[in-house]
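A short write-up of the structure that comes next.
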Amino acid sequence: KASRMFHPEDTIVEVNGIRIGGNEKLVVIGGPCSVEGKEMIVHLAQEVKDAGGCMLRGGAYKPRTSPYAFQGMGTEGILALAQARKQSGLPIVTELMSADKLDEFVEHVDIIQIGARNMQNFDLLKAVGKTQKPILLKRGLANTIEEWIMSAEYILSEGNPNVILCERGIRTFEPYTRNTLDLSVIPIIKKKTHLPIIIDPSHATGDWELVEAASLAAIAAGADGLIIEVHDHPECAWSDGAQSLKPENFKQLIQKGKAIANVI
Ligand code: PEP
Ligand code: MN
C-alpha cells in the first residue's frame, strides 16, 4: 500500500487545513522535547507561531534511555498541550508509547508520533492503524529503509492512510554527532512510496549549532517538512537541551528556509 507502483499520486496528509506532502508548502513543526508545564508550553507555542512555525511538538510520554531520567508529564502534559493548541491555534504532535493511552490521544492530539524506539512495535502500529489520525512514523535508530516502509505498511494495512515518515538520524560509527542524518532517504522514499517525508534535524545531529545546516540541506533535498526542538532556555531543558534552538534561532532558520522553498 505504501508503494508508488500501485498508487502513483502523492499522498497529502491534511491536519486542520495544513497539507503535508505532494510538493506543497514546507511544514515546520517546532516545540520542546518535553512538555515541562502548562505555562511553559502555552508560552512556547506562541513563540513557535510568531517565528513562523505552523505546528507544535512536545513530548508528554518520553522514551528515555534511563529509567531514572524524567519520564514526561503524562496526561497532565497532554492536557497542557491541548491548552496550548487552544490558545495558539497550532495543531499538536506528540508521542504515543503505549496503545493503552490511545483514547486520550485520539481525543486531544492532531498528529500521533511513533518514536524511533517503537518503529517495530507492531501491536502499537496496528492500534494506530485502526484510527484515522495522522501518524508521524519515525525511522528506527538502526533500521533499514525497507523495514521502515514495512512498519508504515502495518499502519496502512489496518486502514489508516494518513502516514507521514520522519527521518531522525541513524546509528553509525561516527560519535561526533548524536546520530547520522541520512538525507538520501528523501529521494529514495519519494521514488519508492507516495508518502510525505519530514526531517528531524534535532535528534539527527544532537547539537543545536548543526540544526540549521541540516535543515536547509533537508529542504534543498525535497523534504515535505521539518520537526525541530525549540526551548526558551535550552540550558535548563528537562531533556535534549543541547540540541534545542532558542526561538530567535528557529525564526532565523525559517527565514533562510524561505529562500529555498515555499514555507507555510
Ligand atoms: C522525540 O521526538 O523527542 C524523540 C524521543 O524522538 P526519537 O524517537 O526520534 O528519538
Ligand atoms: Mn527529544
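We name chains A, B, ... following the order of the C-alpha cells; residues begin at 1 in each chain, and ligands are numbered from 1 as shown.
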Which residues of chain A come within 8 Å of ligand 1, and for each one, what is the closest pair of atoms and their distance in Å to one decimal, counting only C-alpha atoms and all ligand atoms, sorted by chain and residue number, as CSV?
```
residue,atom,partner,partner_atom_place_in_ligand_line,distance
A:Cys33,CA,ligand 1,3 (O),4.7
A:Ser34,CA,ligand 1,3 (O),6.9
A:Gly58,CA,ligand 1,3 (O),7.3
A:Gly59,CA,ligand 1,3 (O),6.1
A:Lys62,CA,ligand 1,5 (C),6.3
A:Pro63,CA,ligand 1,5 (C),5.9
A:Arg64,CA,ligand 1,5 (C),7.4
A:Thr94,CA,ligand 1,2 (O),7.9
A:Glu95,CA,ligand 1,2 (O),7.1
A:Gln113,CA,ligand 1,2 (O),7.9
A:Ile114,CA,ligand 1,8 (O),7.1
A:Gly115,CA,ligand 1,8 (O),3.4
A:Ala116,CA,ligand 1,8 (O),3.8
A:Arg117,CA,ligand 1,8 (O),5.7
A:Asn118,CA,ligand 1,8 (O),7.6
A:Lys138,CA,ligand 1,9 (O),5.9
A:Arg139,CA,ligand 1,9 (O),7.3
A:Gly140,CA,ligand 1,9 (O),7.5
A:Leu141,CA,ligand 1,10 (O),7.7
A:Glu167,CA,ligand 1,9 (O),7.9
A:Arg168,CA,ligand 1,9 (O),5.3
A:Gly169,CA,ligand 1,9 (O),7.8
A:Asp200,CA,ligand 1,9 (O),7.5
A:His203,CA,ligand 1,9 (O),5.9
A:Ala204,CA,ligand 1,9 (O),8.0
A:Glu229,CA,ligand 1,3 (O),7.9
A:Asp240,CA,ligand 1,3 (O),7.7
```
Filtering to N, CA and C atoms, could you give me those residues as a PDB file, in the first residue's frame?
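See out36.pdb below for the written result:
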```
ATOM      1  N   CYS A  33      11.426  19.308  23.498  1.00  0.00           N
ATOM      2  CA  CYS A  33      11.490  17.850  23.558  1.00  0.00           C
ATOM      3  C   CYS A  33      10.372  17.377  24.480  1.00  0.00           C
ATOM      4  N   SER A  34      10.357  17.912  25.704  1.00  0.00           N
ATOM      5  CA  SER A  34       9.334  17.524  26.694  1.00  0.00           C
ATOM      6  C   SER A  34       8.477  18.718  27.090  1.00  0.00           C
ATOM      7  N   GLY A  58       5.861  18.423  21.317  1.00  0.00           N
ATOM      8  CA  GLY A  58       6.182  18.392  22.739  1.00  0.00           C
ATOM      9  C   GLY A  58       5.841  17.015  23.269  1.00  0.00           C
ATOM     10  N   GLY A  59       6.783  16.391  23.976  1.00  0.00           N
ATOM     11  CA  GLY A  59       6.555  15.039  24.473  1.00  0.00           C
ATOM     12  C   GLY A  59       5.929  15.055  25.858  1.00  0.00           C
ATOM     13  N   LYS A  62       7.690  10.077  27.476  1.00  0.00           N
ATOM     14  CA  LYS A  62       9.041  10.140  26.922  1.00  0.00           C
ATOM     15  C   LYS A  62       9.762   8.797  26.985  1.00  0.00           C
ATOM     16  N   PRO A  63      10.309   8.356  25.858  1.00  0.00           N
ATOM     17  CA  PRO A  63      11.068   7.093  25.837  1.00  0.00           C
ATOM     18  C   PRO A  63      12.527   7.357  26.229  1.00  0.00           C
ATOM     19  N   ARG A  64      12.809   7.438  27.509  1.00  0.00           N
ATOM     20  CA  ARG A  64      14.155   7.803  27.950  1.00  0.00           C
ATOM     21  C   ARG A  64      15.054   6.578  28.095  1.00  0.00           C
ATOM     22  N   THR A  94       2.552  14.752  19.275  1.00  0.00           N
ATOM     23  CA  THR A  94       3.176  14.222  20.491  1.00  0.00           C
ATOM     24  C   THR A  94       3.239  12.694  20.424  1.00  0.00           C
ATOM     25  N   GLU A  95       4.196  12.134  21.156  1.00  0.00           N
ATOM     26  CA  GLU A  95       4.490  10.700  21.027  1.00  0.00           C
ATOM     27  C   GLU A  95       3.597   9.815  21.889  1.00  0.00           C
ATOM     28  N   GLN A 113       2.733  10.754  17.149  1.00  0.00           N
ATOM     29  CA  GLN A 113       4.109  10.369  16.806  1.00  0.00           C
ATOM     30  C   GLN A 113       4.406   8.970  17.328  1.00  0.00           C
ATOM     31  N   ILE A 114       4.958   8.140  16.443  1.00  0.00           N
ATOM     32  CA  ILE A 114       5.507   6.850  16.876  1.00  0.00           C
ATOM     33  C   ILE A 114       7.018   7.046  16.871  1.00  0.00           C
ATOM     34  N   GLY A 115       7.631   6.924  18.027  1.00  0.00           N
ATOM     35  CA  GLY A 115       9.054   7.228  18.182  1.00  0.00           C
ATOM     36  C   GLY A 115       9.952   6.184  17.539  1.00  0.00           C
ATOM     37  N   ALA A 116      11.208   6.576  17.359  1.00  0.00           N
ATOM     38  CA  ALA A 116      12.196   5.703  16.732  1.00  0.00           C
ATOM     39  C   ALA A 116      12.265   4.346  17.437  1.00  0.00           C
ATOM     40  N   ARG A 117      12.193   4.385  18.766  1.00  0.00           N
ATOM     41  CA  ARG A 117      12.338   3.139  19.536  1.00  0.00           C
ATOM     42  C   ARG A 117      11.130   2.215  19.415  1.00  0.00           C
ATOM     43  N   ASN A 118      10.047   2.752  18.935  1.00  0.00           N
ATOM     44  CA  ASN A 118       8.839   1.928  18.761  1.00  0.00           C
ATOM     45  C   ASN A 118       8.508   1.654  17.299  1.00  0.00           C
ATOM     46  N   LYS A 138       8.522   7.682  12.928  1.00  0.00           N
ATOM     47  CA  LYS A 138       9.965   7.918  12.892  1.00  0.00           C
ATOM     48  C   LYS A 138      10.715   6.655  12.475  1.00  0.00           C
ATOM     49  N   ARG A 139      11.841   6.866  11.814  1.00  0.00           N
ATOM     50  CA  ARG A 139      12.691   5.731  11.443  1.00  0.00           C
ATOM     51  C   ARG A 139      13.449   5.267  12.683  1.00  0.00           C
ATOM     52  N   GLY A 140      13.550   3.976  12.861  1.00  0.00           N
ATOM     53  CA  GLY A 140      14.282   3.427  13.995  1.00  0.00           C
ATOM     54  C   GLY A 140      15.764   3.777  13.950  1.00  0.00           C
ATOM     55  N   LEU A 141      16.406   3.710  15.114  1.00  0.00           N
ATOM     56  CA  LEU A 141      17.820   4.084  15.236  1.00  0.00           C
ATOM     57  C   LEU A 141      18.720   3.253  14.328  1.00  0.00           C
ATOM     58  N   GLU A 167      12.541  10.987   9.135  1.00  0.00           N
ATOM     59  CA  GLU A 167      13.943  10.561   9.308  1.00  0.00           C
ATOM     60  C   GLU A 167      14.536  11.382  10.447  1.00  0.00           C
ATOM     61  N   ARG A 168      15.147  10.709  11.417  1.00  0.00           N
ATOM     62  CA  ARG A 168      15.686  11.392  12.591  1.00  0.00           C
ATOM     63  C   ARG A 168      17.128  10.971  12.886  1.00  0.00           C
ATOM     64  N   GLY A 169      17.805  10.492  11.840  1.00  0.00           N
ATOM     65  CA  GLY A 169      19.196  10.084  12.022  1.00  0.00           C
ATOM     66  C   GLY A 169      19.292   8.638  12.439  1.00  0.00           C
ATOM     67  N   ASP A 200      13.846  15.383  11.014  1.00  0.00           N
ATOM     68  CA  ASP A 200      14.080  15.863  12.380  1.00  0.00           C
ATOM     69  C   ASP A 200      15.585  16.094  12.530  1.00  0.00           C
ATOM     70  N   HIS A 203      17.219  15.520  16.581  1.00  0.00           N
ATOM     71  CA  HIS A 203      17.701  14.208  17.036  1.00  0.00           C
ATOM     72  C   HIS A 203      18.792  13.668  16.106  1.00  0.00           C
ATOM     73  N   ALA A 204      18.755  14.080  14.844  1.00  0.00           N
ATOM     74  CA  ALA A 204      19.765  13.598  13.890  1.00  0.00           C
ATOM     75  C   ALA A 204      21.162  14.093  14.255  1.00  0.00           C
ATOM     76  N   GLU A 229      13.346  20.832  17.646  1.00  0.00           N
ATOM     77  CA  GLU A 229      13.184  21.117  19.071  1.00  0.00           C
ATOM     78  C   GLU A 229      13.559  22.576  19.371  1.00  0.00           C
ATOM     79  N   ASP A 240      17.028  16.913  26.198  1.00  0.00           N
ATOM     80  CA  ASP A 240      17.531  17.339  24.874  1.00  0.00           C
ATOM     81  C   ASP A 240      17.812  18.833  24.716  1.00  0.00           C
TER      82      ASP A 240
END
```
message: Need the shell around region 184-191 of chain A: protein/DNA/RNA residues with any atom at most 8 Å away, counting only C-alpha atoms. Skip same-chain ones fewer than 5 positions apart. Format as a list in words?
response: Arg4, Ile145, Glu167, Pro196, Ile197, Ala221, Gly222 and Ala223 of chain A
query: In region 30-209 of chain A, what's alpha helix (DSSP H) per DSSP? Answer as a PyMOL selection string?
result: chain A and resi 38-51+75-88+102-108+122-129+145-157+185-192+201-205+208-209
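Proximity to Met73 (chain A) was assessed for A:Trp238, A:Met5, A:Leu136, A:Lys126 counting only C-alpha atoms; the smallest distance is recorded for A:Trp238.
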- request: Excluding Leu253 (chain A) and residues on its chain fewer than 6 positions from it, collect all residues at most 10 Å away from it, counting only C-alpha atoms, and give them as number ranges by chain.
  value: A: 51-52, 211-213, 215-216, 245, 247
Selection to disk with C-alpha atoms, as a PDB file, in the first residue's frame:
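Dumped to result_39.pdb:
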```pdb
ATOM      1  CA  ALA A  51       8.673  32.574  14.470  1.00  0.00           C
ATOM      2  CA  GLY A  52       6.738  31.065  11.539  1.00  0.00           C
ATOM      3  CA  VAL A 211      20.459  22.068  13.211  1.00  0.00           C
ATOM      4  CA  GLU A 212      20.245  24.966  10.749  1.00  0.00           C
ATOM      5  CA  ALA A 213      22.641  23.472   8.181  1.00  0.00           C
ATOM      6  CA  SER A 215      17.510  21.711   7.998  1.00  0.00           C
ATOM      7  CA  LEU A 216      18.483  23.738   4.941  1.00  0.00           C
ATOM      8  CA  LEU A 245      17.114  26.016  19.346  1.00  0.00           C
ATOM      9  CA  PRO A 247      13.030  30.790  19.354  1.00  0.00           C
TER      10      PRO A 247
END
```
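Note that CA of Pro91 (chain A) and CA of His108 (chain A) are 9.9 Å apart.
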message: Show me, as an MDAnalysis selection string, the residues that have an atom within 10 Å of Thr11 (chain A) when counting only C-alpha atoms, minus same-chain residues fewer than 3 positions from it.
response: chainID A and resid 2 4 7:8 14 19:22 161:164 193:196
message: Could you tell me how far CA of Glu107 (chain A) sits from CA of Lys38 (chain A), in Å to one decimal place?
response: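 So the answer is 18.2 Å.
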field: All strand (DSSP E) residues (DSSP, backbone) inside region 8-191 of chain A, as a ChimeraX atom specification
entry: /A:13-15,18-20,27-31,55-57,92-95,111-114,135-138,163-167
task: Please identify all polymer residues within 10 Å of His43 (chain A), counting only C-alpha atoms, omitting same-chain residues fewer than 4 positions from it, and present them as an NGL selection string.
output: :A and (38-39 or 47-48 or 84 or 87-88 or 232)
- prompt: Excluding same-chain residues fewer than 3 positions from Val93 (chain A), what lies within 6 Å of it counting only C-alpha atoms, as an NGL selection string?
  reply: :A and (57 or 111-112)
message: Here is a test: counting only C-alpha atoms and all ligand atoms, which residue of A:Met150, A:Leu137, A:Val263, A:Val230 is nearest to ligand 2?
response: A:Val230
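A straight line drawn from CA of Asn179 (chain A) to CA of Gly206 (chain A) is 7.2 Å long.
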